[in-house]
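Shown here: start.txt, compact mmCIF, C-alpha atoms.
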# COMPACT_ATOMS: atom_id res chain seq x y z
CA ASN X 1 -7.52 -0.77 -1.32
CA ASN X 2 -5.92 -0.27 -4.73
CA GLN X 3 -2.96 -2.37 -5.78
CA ASN X 4 -0.94 -1.60 -8.91
CA ALA X 5 0.54 -4.51 -10.87
CA GLN X 6 3.31 -3.89 -13.39
CA LYS X 7 5.03 -6.20 -15.84
CA GLY X 8 8.48 -5.12 -16.93
CA LYS X 9 11.11 -6.85 -19.02
CA GLY X 10 13.70 -7.83 -16.45
CA LYS X 11 15.30 -6.15 -13.48
CA GLY X 12 16.89 -3.31 -15.45
CA LYS X 13 14.99 -0.80 -17.52
CA GLY X 14 14.42 -2.28 -20.95
CA GLY X 15 15.25 -5.82 -19.77
CA PRO X 16 17.02 -8.46 -21.85
CA GLN X 17 18.12 -8.19 -25.45
CA ARG X 18 17.28 -10.66 -28.21
CA ARG X 19 20.34 -11.58 -30.22
CA GLY X 20 21.89 -8.18 -29.47
CA VAL X 21 18.80 -6.19 -30.52
CA PRO X 22 17.27 -4.07 -27.72
CA SER X 23 13.62 -4.72 -26.97
CA PHE X 24 10.97 -2.01 -26.57
CA LYS X 25 12.67 -0.03 -23.79
CA GLU X 26 10.02 2.31 -22.39
CA TRP X 27 8.15 1.14 -19.33
CA SER X 28 4.40 1.52 -19.74
CA VAL X 29 4.20 3.29 -16.39
CA GLN X 30 6.90 4.80 -14.22
CA THR X 31 7.17 3.04 -10.86
CA LYS X 32 7.19 5.11 -7.69
CA THR X 33 9.29 4.59 -4.60
CA GLU X 34 6.28 4.88 -2.28
CA TRP X 35 4.53 1.91 -3.92
CA GLU X 36 4.40 -1.17 -1.73
CA MET X 37 5.45 -4.37 -3.51
CA LYS X 38 2.90 -7.09 -2.87
CA ARG X 39 4.61 -9.83 -4.83
CA GLU X 40 7.16 -10.19 -7.61
CA ILE X 41 6.50 -12.87 -10.25
CA MET X 42 9.15 -13.77 -12.80
CA LEU X 43 7.95 -14.35 -16.35
CA SER X 44 9.98 -17.54 -16.53
CA SER X 45 7.84 -19.03 -13.76
CA LEU X 46 4.63 -18.29 -15.69
CA ALA X 47 5.86 -20.32 -18.65
CA LYS X 48 5.96 -23.41 -16.43
CA LEU X 49 2.30 -23.19 -15.46
CA GLN X 50 -0.01 -25.59 -17.27
CA LEU X 51 -3.77 -26.06 -17.37
CA ASP X 52 -5.77 -28.66 -19.21
CA ALA X 53 -8.26 -26.74 -21.35
CA ARG X 54 -10.75 -29.58 -20.91
CA ASP X 55 -11.02 -28.68 -17.23
CA VAL X 56 -12.06 -25.10 -17.96
CA LYS X 57 -15.78 -24.49 -17.53
CA TYR X 58 -17.38 -21.58 -19.33
CA ALA X 59 -20.82 -20.24 -20.18
CA ASP X 60 -22.26 -17.28 -22.09
CA VAL X 61 -23.89 -15.12 -19.44
CA LEU X 62 -25.01 -12.12 -21.46
CA TRP X 63 -25.23 -11.11 -25.12
CA CYS X 64 -25.51 -7.41 -26.00
CA GLY X 65 -25.82 -5.38 -29.19
CA LYS X 66 -26.25 -7.01 -32.58
CA LEU X 67 -24.35 -9.56 -34.64
CA HIS X 68 -23.98 -9.58 -38.42
CA ASN X 69 -23.40 -12.72 -40.46
CA TYR X 70 -20.03 -13.38 -42.07
CA ASN X 71 -19.92 -12.74 -45.82
CA ARG X 72 -18.69 -16.04 -47.30
CA VAL X 73 -17.65 -14.27 -50.49
CA PHE X 74 -14.36 -13.68 -48.71
CA ASP X 75 -13.77 -17.44 -48.51
CA ARG X 76 -13.36 -17.46 -52.28
CA ILE X 77 -10.87 -14.60 -52.61
CA THR X 78 -7.76 -15.35 -54.64
CA THR X 79 -4.87 -13.26 -55.91
CA LYS X 80 -6.94 -12.61 -59.04
CA THR X 81 -10.13 -11.61 -57.18
CA GLU X 82 -8.54 -9.38 -54.55
CA LYS X 83 -10.59 -6.78 -52.74
CA PRO X 84 -9.19 -3.47 -51.48
CA MET X 85 -9.34 -2.81 -47.77
CA ARG X 86 -12.17 -0.49 -46.80
CA ARG X 87 -12.05 2.15 -44.11
CA PHE X 88 -15.01 2.47 -41.73
CA GLU X 89 -14.33 5.94 -40.40
CA GLU X 90 -17.99 6.46 -39.47
CA LEU X 91 -17.86 3.59 -36.96
CA GLU X 92 -16.64 3.92 -33.42
CA PHE X 93 -14.63 1.04 -31.99
CA PHE X 94 -14.88 0.67 -28.22
CA ASN X 95 -11.84 -0.27 -26.16
CA VAL X 96 -13.33 0.17 -22.71
CA THR X 97 -11.76 -0.88 -19.46
CA THR X 98 -13.38 -3.32 -17.05
CA SER X 99 -14.69 -0.70 -14.64
CA ASP X 100 -16.54 1.07 -17.47
CA ASP X 101 -18.59 -2.02 -18.36
CA PRO X 102 -21.91 -1.67 -16.48
CA HIS X 103 -22.83 -5.34 -16.91
CA LEU X 104 -19.56 -6.57 -15.43
CA GLN X 105 -20.02 -4.21 -12.50
CA ASP X 106 -23.57 -5.48 -11.91
CA MET X 107 -22.39 -9.10 -11.96
CA LEU X 108 -19.64 -8.36 -9.48
CA GLN X 109 -22.03 -6.64 -7.08
CA GLU X 110 -25.09 -8.85 -7.42
CA ASP X 111 -23.67 -12.35 -8.02
CA GLU X 112 -21.88 -13.85 -5.02
CA GLY X 113 -20.22 -16.39 -7.29
CA VAL X 114 -18.40 -13.68 -9.24
CA SER X 115 -15.14 -12.64 -7.54
CA VAL X 116 -12.99 -11.46 -10.49
CA ILE X 117 -13.87 -9.40 -13.57
CA ALA X 118 -11.74 -8.40 -16.58
CA THR X 119 -12.20 -7.55 -20.26
CA ASP X 120 -11.03 -9.83 -23.06
CA HIS X 121 -8.06 -7.55 -23.82
CA VAL X 122 -6.82 -7.55 -20.23
CA LEU X 123 -7.33 -11.30 -19.90
CA ALA X 124 -5.48 -11.97 -23.16
CA ALA X 125 -2.52 -9.89 -21.97
CA LEU X 126 -2.34 -11.89 -18.74
CA ILE X 127 -2.59 -15.24 -20.51
CA ALA X 128 0.18 -14.33 -22.96
CA ALA X 129 2.37 -12.65 -20.34
CA ALA X 130 5.06 -15.33 -20.44
CA ARG X 131 5.63 -14.67 -24.15
CA SER X 132 5.42 -10.88 -24.07
CA VAL X 133 8.43 -8.68 -24.73
CA TYR X 134 6.97 -5.18 -24.76
CA SER X 135 6.15 -3.50 -21.49
CA TRP X 136 2.56 -3.15 -20.30
CA ASP X 137 0.77 -2.76 -16.99
CA ILE X 138 -2.65 -3.30 -15.48
CA VAL X 139 -4.39 -1.76 -12.48
CA VAL X 140 -5.79 -4.24 -9.96
CA THR X 141 -8.42 -3.01 -7.52
CA LYS X 142 -9.49 -5.15 -4.58
CA ILE X 143 -12.85 -4.36 -3.00
CA ALA X 144 -14.46 -6.56 -0.33
CA GLY X 145 -12.42 -9.56 -1.41
CA LYS X 146 -13.25 -9.12 -5.10
CA LEU X 147 -10.79 -8.17 -7.86
CA ILE X 148 -11.19 -5.77 -10.80
CA PHE X 149 -8.51 -5.94 -13.51
CA ASP X 150 -8.37 -2.64 -15.43
CA LYS X 151 -6.22 -1.18 -18.17
CA ARG X 152 -5.20 2.46 -18.38
CA ASN X 153 -6.57 4.84 -21.03
CA GLY X 154 -4.50 4.55 -24.19
CA SER X 155 -2.80 1.44 -22.88
CA GLN X 156 -0.61 -0.67 -25.14
CA ILE X 157 -3.03 -3.48 -24.34
CA ASP X 158 -5.50 -1.85 -26.76
CA PHE X 159 -3.19 -2.43 -29.71
CA LEU X 160 -1.89 -5.47 -31.56
CA SER X 161 1.86 -5.95 -31.59
CA VAL X 162 3.91 -6.77 -34.69
CA ASN X 163 6.88 -9.17 -34.64
CA GLU X 164 7.13 -8.78 -30.87
CA THR X 165 8.70 -12.22 -30.42
CA ALA X 166 10.67 -12.24 -33.68
CA PRO X 167 14.46 -12.83 -33.63
CA ASP X 168 14.82 -9.40 -35.25
CA PRO X 169 12.06 -7.26 -33.67
CA PRO X 170 11.16 -3.73 -34.89
CA ASN X 171 13.69 -1.07 -33.98
CA ASN X 172 12.49 1.71 -31.69
CA ASP X 173 15.40 4.13 -32.17
CA ASP X 174 13.25 6.39 -34.37
CA LYS X 175 9.76 6.47 -32.90
CA ASP X 176 8.37 8.38 -35.90
CA ASN X 177 9.56 5.77 -38.39
CA ILE X 178 6.68 3.84 -40.00
CA ASN X 179 8.38 0.59 -38.95
CA SER X 180 8.79 1.52 -35.29
CA PRO X 181 6.92 -0.72 -32.79
CA VAL X 182 4.25 1.90 -32.00
CA LYS X 183 3.56 2.79 -35.66
CA LEU X 184 3.37 -0.87 -36.67
CA SER X 185 1.07 -1.58 -33.75
CA GLN X 186 -1.28 1.25 -34.69
CA GLU X 187 -1.34 0.13 -38.32
CA ALA X 188 -2.05 -3.51 -37.46
CA SER X 189 -4.83 -2.55 -35.05
CA CYS X 190 -6.44 -0.27 -37.65
CA ILE X 191 -6.30 -3.02 -40.29
CA ASN X 192 -7.78 -5.55 -37.87
CA GLN X 193 -10.68 -3.28 -36.94
CA ASN X 194 -11.56 -2.37 -40.52
CA PHE X 195 -11.20 -5.95 -41.75
CA SER X 196 -13.60 -7.16 -39.04
CA GLN X 197 -16.29 -4.88 -40.53
CA MET X 198 -15.38 -5.44 -44.16
CA VAL X 199 -16.14 -9.17 -44.04
CA LEU X 200 -19.66 -8.74 -42.64
CA ASP X 201 -22.78 -9.39 -44.71
CA MET X 202 -24.55 -6.06 -44.58
CA ASN X 203 -27.32 -7.21 -46.93
CA THR X 204 -28.72 -9.55 -44.29
CA PRO X 205 -30.37 -8.11 -41.16
CA PRO X 206 -28.20 -8.65 -38.07
CA LYS X 207 -29.30 -10.71 -35.10
CA GLU X 208 -30.47 -8.48 -32.29
CA MET X 209 -29.34 -9.60 -28.87
CA ASP X 210 -31.36 -9.52 -25.65
CA TYR X 211 -29.72 -6.31 -24.47
CA PRO X 212 -28.51 -3.22 -26.37
CA ASN X 213 -24.85 -2.26 -26.68
CA PRO X 214 -24.16 -0.43 -23.38
CA PHE X 215 -21.53 1.79 -25.02
CA GLU X 216 -23.59 2.95 -27.97
CA GLU X 217 -25.49 6.19 -27.62
CA GLU X 218 -29.18 6.00 -28.44
CA ASP X 219 -30.37 8.08 -31.40
Target format structure tokens, applied to this file:
Amino acid sequence: NNQNAQKGKGKGKGGPQRRGVPSFKEWSVQTKTEWEMKREIMLSSLAKLQLDARDVKYADVLWCGKLHNYNRVFDRITTKTEKPMRRFEELEFFNVTTSDDPHLQDMLQEDEGVSVIATDHVLAALIAAARSVYSWDIVVTKIAGKLIFDKRNGSQIDFLSVNETAPDPPNNDDKDNINSPVKLSQEASCINQNFSQMVLDMNTPPKEMDYPNPFEEED
């Protein structure tokens, strides 16, 4: 029983405008007439929901792969001791969807207390939904009373957005322009990925976790 959940930007295609400037118009997925609407939730209603963070219970269930230490040299960077951004083209960054994570699947099947699974990217998109302007969608699969929140391949959820909530957001009239929403998003995501590796202390052995990275191929 698969149920598709979309988040648009208002009732009309493209949704509202901010101070006369159109928002990112393209829907992330084209709706179909044969789809059955389960429920419609207005973004304005999400903004009214509140939860005390102190009531949230959490625990680390599983650690996989390896973890490098942070290089504290970067704490002392100034305008006079700047460091150029490095590119890590030999590394592969994994943006997998929930259903592709074998550990999440095992937890859902084997632990009766687990009823919903999602990746950090999907969860972050849901949490920030009330503030989002650009269109995105997720795929919700319900199996035996349990929910799987997935993203599509190449989803906008994989990328960071730039000035999405600004009074004067990026213009999308010319999609090939370096300052278009998609180009800015790709640039910001690339910078974020490379910076996350640049600030690691590679001279110190990393901490090996209990389980290997499930997405890394063994040599």
Please provide as a list in words all residues within 9 Å of X:Pro214, with the sequence filter that same-chain residues fewer than 3 positions apart are discarded (counting all atoms listed in the file). Cys64, Gly65, Asp101, Pro102, His103, Tyr211 and Glu217 of chain X
Centre and edges of the stretch 33-45 of chain X box, axis-aligned, 5 Å extra per side, as lines of an AutoDock Vina configuration file:
center_x = 6.4
center_y = -7.1
center_z = -9.1
size_x = 17.1
size_y = 33.9
size_z = 24.8
Among the residues X:Val199, X:Glu208, X:Phe159, X:Asp176, the one that comes closest to X:Arg72 [using all atoms listed in the file]: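 Residue with the minimum atom-to-atom distance to X:Arg72: X:Val199.
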Within 10 Å of (-12.8, -7.3, -10.7), all atoms listed in the file: residues as a PyMOL selection string? chain X and resi 98-99+104-105+107-109+114-119+140-143+145-150
Give me, as a list of chain:residue names, all polymer residues having an atom no more than 9 Å from stretch 184-197 of chain X, counting only C-alpha atoms and skipping those fewer than 4 positions away in the same chain.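 So the residues in contact are X:Met85, X:Arg86, X:Arg87, X:Phe88, X:Glu89, X:Phe93, X:Gln156, X:Asp158, X:Phe159, X:Leu160, X:Ser161, X:Val162, X:Pro170, X:Ile178, X:Asn179, X:Ser180, X:Asp201.
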Only C-alpha atoms, please: the residues just picked out, written as a short mmCIF file (atom, residue, chain, number, x, y, z; two decimals), keeping the file's coordinate frame.
data_model
loop_
_atom_site.label_atom_id
_atom_site.label_comp_id
_atom_site.auth_asym_id
_atom_site.auth_seq_id
_atom_site.Cartn_x
_atom_site.Cartn_y
_atom_site.Cartn_z
CA MET X 85 -9.34 -2.81 -47.77
CA ARG X 86 -12.17 -0.49 -46.80
CA ARG X 87 -12.05 2.15 -44.11
CA PHE X 88 -15.01 2.47 -41.73
CA GLU X 89 -14.33 5.94 -40.40
CA PHE X 93 -14.63 1.04 -31.99
CA GLN X 156 -0.61 -0.67 -25.14
CA ASP X 158 -5.50 -1.85 -26.76
CA PHE X 159 -3.19 -2.43 -29.71
CA LEU X 160 -1.89 -5.47 -31.56
CA SER X 161 1.86 -5.95 -31.59
CA VAL X 162 3.91 -6.77 -34.69
CA PRO X 170 11.16 -3.73 -34.89
CA ILE X 178 6.68 3.84 -40.00
CA ASN X 179 8.38 0.59 -38.95
CA SER X 180 8.79 1.52 -35.29
CA ASP X 201 -22.78 -9.39 -44.71
#
Of the candidates X:Gly154, X:Ser44, X:Leu91, X:Val133, which one gets nearest to X:Pro169 if we count all atoms listed in the file?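 Going through X:Gly154, X:Ser44, X:Leu91, X:Val133 one by one, the smallest distance to X:Pro169 is for X:Val133.
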Have a look at atom CA of X:Trp136 and atom CA of X:Thr33 and let me know their distance in Å, one decimal.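 About the pair atom CA of X:Trp136 and atom CA of X:Thr33: they are 18.8 Å apart.
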Rounded to one decimal in Å, what is the spacing between atom CA of X:Leu200 and atom CA of X:His68?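 Rounded to one decimal, the two atoms are 6.1 Å apart.
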Atom CA of X:Trp35 to atom CA of X:Val139, distance in Å rounded to a single decimal: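 These two atoms are separated by 12.9 Å.
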All residues 9 Å or closer to X:Val29, only C-alpha atoms, same chain fewer than 2 positions away omitted, as a PyMOL selection string: chain X and resi 6+26-27+31+135-137
File dump, residues just selected, C-alpha atoms, as a PDB file, in the frame of the given file:
ATOM      1  CA  GLN X   6       3.310  -3.890 -13.390  1.00  0.00           C
ATOM      2  CA  GLU X  26      10.020   2.310 -22.390  1.00  0.00           C
ATOM      3  CA  TRP X  27       8.150   1.140 -19.330  1.00  0.00           C
ATOM      4  CA  THR X  31       7.170   3.040 -10.860  1.00  0.00           C
ATOM      5  CA  SER X 135       6.150  -3.500 -21.490  1.00  0.00           C
ATOM      6  CA  TRP X 136       2.560  -3.150 -20.300  1.00  0.00           C
ATOM      7  CA  ASP X 137       0.770  -2.760 -16.990  1.00  0.00           C
TER       8      ASP X 137
END
Given the choices X:Met209, X:Ala130, X:Ile157, X:Ala144, which gets closest to X:Ile41 if the distance is worked out from only C-alpha atoms?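 Of all the options, X:Ala130 lies closest to X:Ile41.
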Could you model all heavy atoms for stretch 196-207 of chain X and present them as a short mmCIF file (atom, residue, chain, number, x, y, z; two decimals), in the frame of the given file?
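Output below, filename rebuild.cif:
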data_model
loop_
_atom_site.label_atom_id
_atom_site.label_comp_id
_atom_site.auth_asym_id
_atom_site.auth_seq_id
_atom_site.Cartn_x
_atom_site.Cartn_y
_atom_site.Cartn_z
N SER X 196 -12.51 -6.50 -39.76
CA SER X 196 -13.60 -7.16 -39.04
C SER X 196 -14.97 -6.66 -39.51
O SER X 196 -15.96 -7.39 -39.43
CB SER X 196 -13.45 -6.91 -37.53
OG SER X 196 -13.72 -5.56 -37.20
N GLN X 197 -15.04 -5.42 -40.02
CA GLN X 197 -16.29 -4.88 -40.53
C GLN X 197 -16.46 -5.16 -42.02
O GLN X 197 -17.58 -5.34 -42.51
CB GLN X 197 -16.34 -3.37 -40.29
CG GLN X 197 -16.20 -2.98 -38.83
CD GLN X 197 -17.26 -3.63 -37.97
OE1 GLN X 197 -18.46 -3.49 -38.23
NE2 GLN X 197 -16.83 -4.34 -36.94
N MET X 198 -15.36 -5.21 -42.71
CA MET X 198 -15.38 -5.44 -44.16
C MET X 198 -15.96 -6.79 -44.53
O MET X 198 -16.61 -6.95 -45.58
CB MET X 198 -13.96 -5.29 -44.70
CG MET X 198 -13.78 -5.54 -46.17
SD MET X 198 -12.06 -5.33 -46.64
CE MET X 198 -12.08 -6.00 -48.31
N VAL X 199 -15.73 -7.80 -43.70
CA VAL X 199 -16.14 -9.17 -44.04
C VAL X 199 -17.56 -9.49 -43.57
O VAL X 199 -17.99 -10.64 -43.65
CB VAL X 199 -15.15 -10.19 -43.44
CG1 VAL X 199 -13.76 -10.00 -44.01
CG2 VAL X 199 -15.12 -10.10 -41.91
N LEU X 200 -18.30 -8.50 -43.09
CA LEU X 200 -19.66 -8.74 -42.64
C LEU X 200 -20.65 -8.65 -43.80
O LEU X 200 -20.44 -7.89 -44.75
CB LEU X 200 -20.05 -7.72 -41.57
CG LEU X 200 -19.22 -7.75 -40.28
CD1 LEU X 200 -19.72 -6.67 -39.32
CD2 LEU X 200 -19.26 -9.12 -39.62
N ASP X 201 -21.72 -9.41 -43.71
CA ASP X 201 -22.78 -9.39 -44.71
C ASP X 201 -23.80 -8.34 -44.31
O ASP X 201 -24.67 -8.58 -43.48
CB ASP X 201 -23.43 -10.77 -44.81
CG ASP X 201 -24.50 -10.83 -45.89
OD1 ASP X 201 -24.69 -9.82 -46.60
OD2 ASP X 201 -25.15 -11.89 -46.02
N MET X 202 -23.67 -7.17 -44.93
CA MET X 202 -24.55 -6.06 -44.58
C MET X 202 -25.90 -6.13 -45.29
O MET X 202 -26.79 -5.32 -45.01
CB MET X 202 -23.86 -4.73 -44.90
CG MET X 202 -22.63 -4.46 -44.05
SD MET X 202 -23.04 -4.38 -42.28
CE MET X 202 -21.43 -3.98 -41.57
N ASN X 203 -26.04 -7.07 -46.21
CA ASN X 203 -27.32 -7.21 -46.93
C ASN X 203 -28.32 -8.05 -46.15
O ASN X 203 -29.50 -8.11 -46.51
CB ASN X 203 -27.08 -7.83 -48.31
CG ASN X 203 -26.25 -6.94 -49.21
OD1 ASN X 203 -26.43 -5.71 -49.19
ND2 ASN X 203 -25.35 -7.52 -49.98
N THR X 204 -27.85 -8.73 -45.12
CA THR X 204 -28.72 -9.55 -44.29
C THR X 204 -28.91 -8.85 -42.94
O THR X 204 -27.93 -8.40 -42.34
CB THR X 204 -28.11 -10.94 -44.06
OG1 THR X 204 -27.87 -11.55 -45.33
CG2 THR X 204 -29.04 -11.81 -43.24
N PRO X 205 -30.14 -8.77 -42.45
CA PRO X 205 -30.37 -8.11 -41.16
C PRO X 205 -29.58 -8.80 -40.04
O PRO X 205 -29.50 -10.04 -39.99
CB PRO X 205 -31.88 -8.27 -40.93
CG PRO X 205 -32.44 -8.45 -42.31
CD PRO X 205 -31.39 -9.21 -43.07
N PRO X 206 -28.98 -8.04 -39.16
CA PRO X 206 -28.20 -8.65 -38.07
C PRO X 206 -29.11 -9.25 -37.00
O PRO X 206 -30.30 -8.93 -36.92
CB PRO X 206 -27.42 -7.46 -37.49
CG PRO X 206 -28.31 -6.29 -37.76
CD PRO X 206 -28.97 -6.57 -39.09
N LYS X 207 -28.56 -10.13 -36.20
CA LYS X 207 -29.30 -10.71 -35.10
C LYS X 207 -29.24 -9.76 -33.92
O LYS X 207 -28.16 -9.39 -33.45
CB LYS X 207 -28.72 -12.07 -34.71
CG LYS X 207 -29.46 -12.74 -33.56
CD LYS X 207 -28.87 -14.10 -33.22
CE LYS X 207 -29.63 -14.75 -32.07
NZ LYS X 207 -29.06 -16.08 -31.72
#
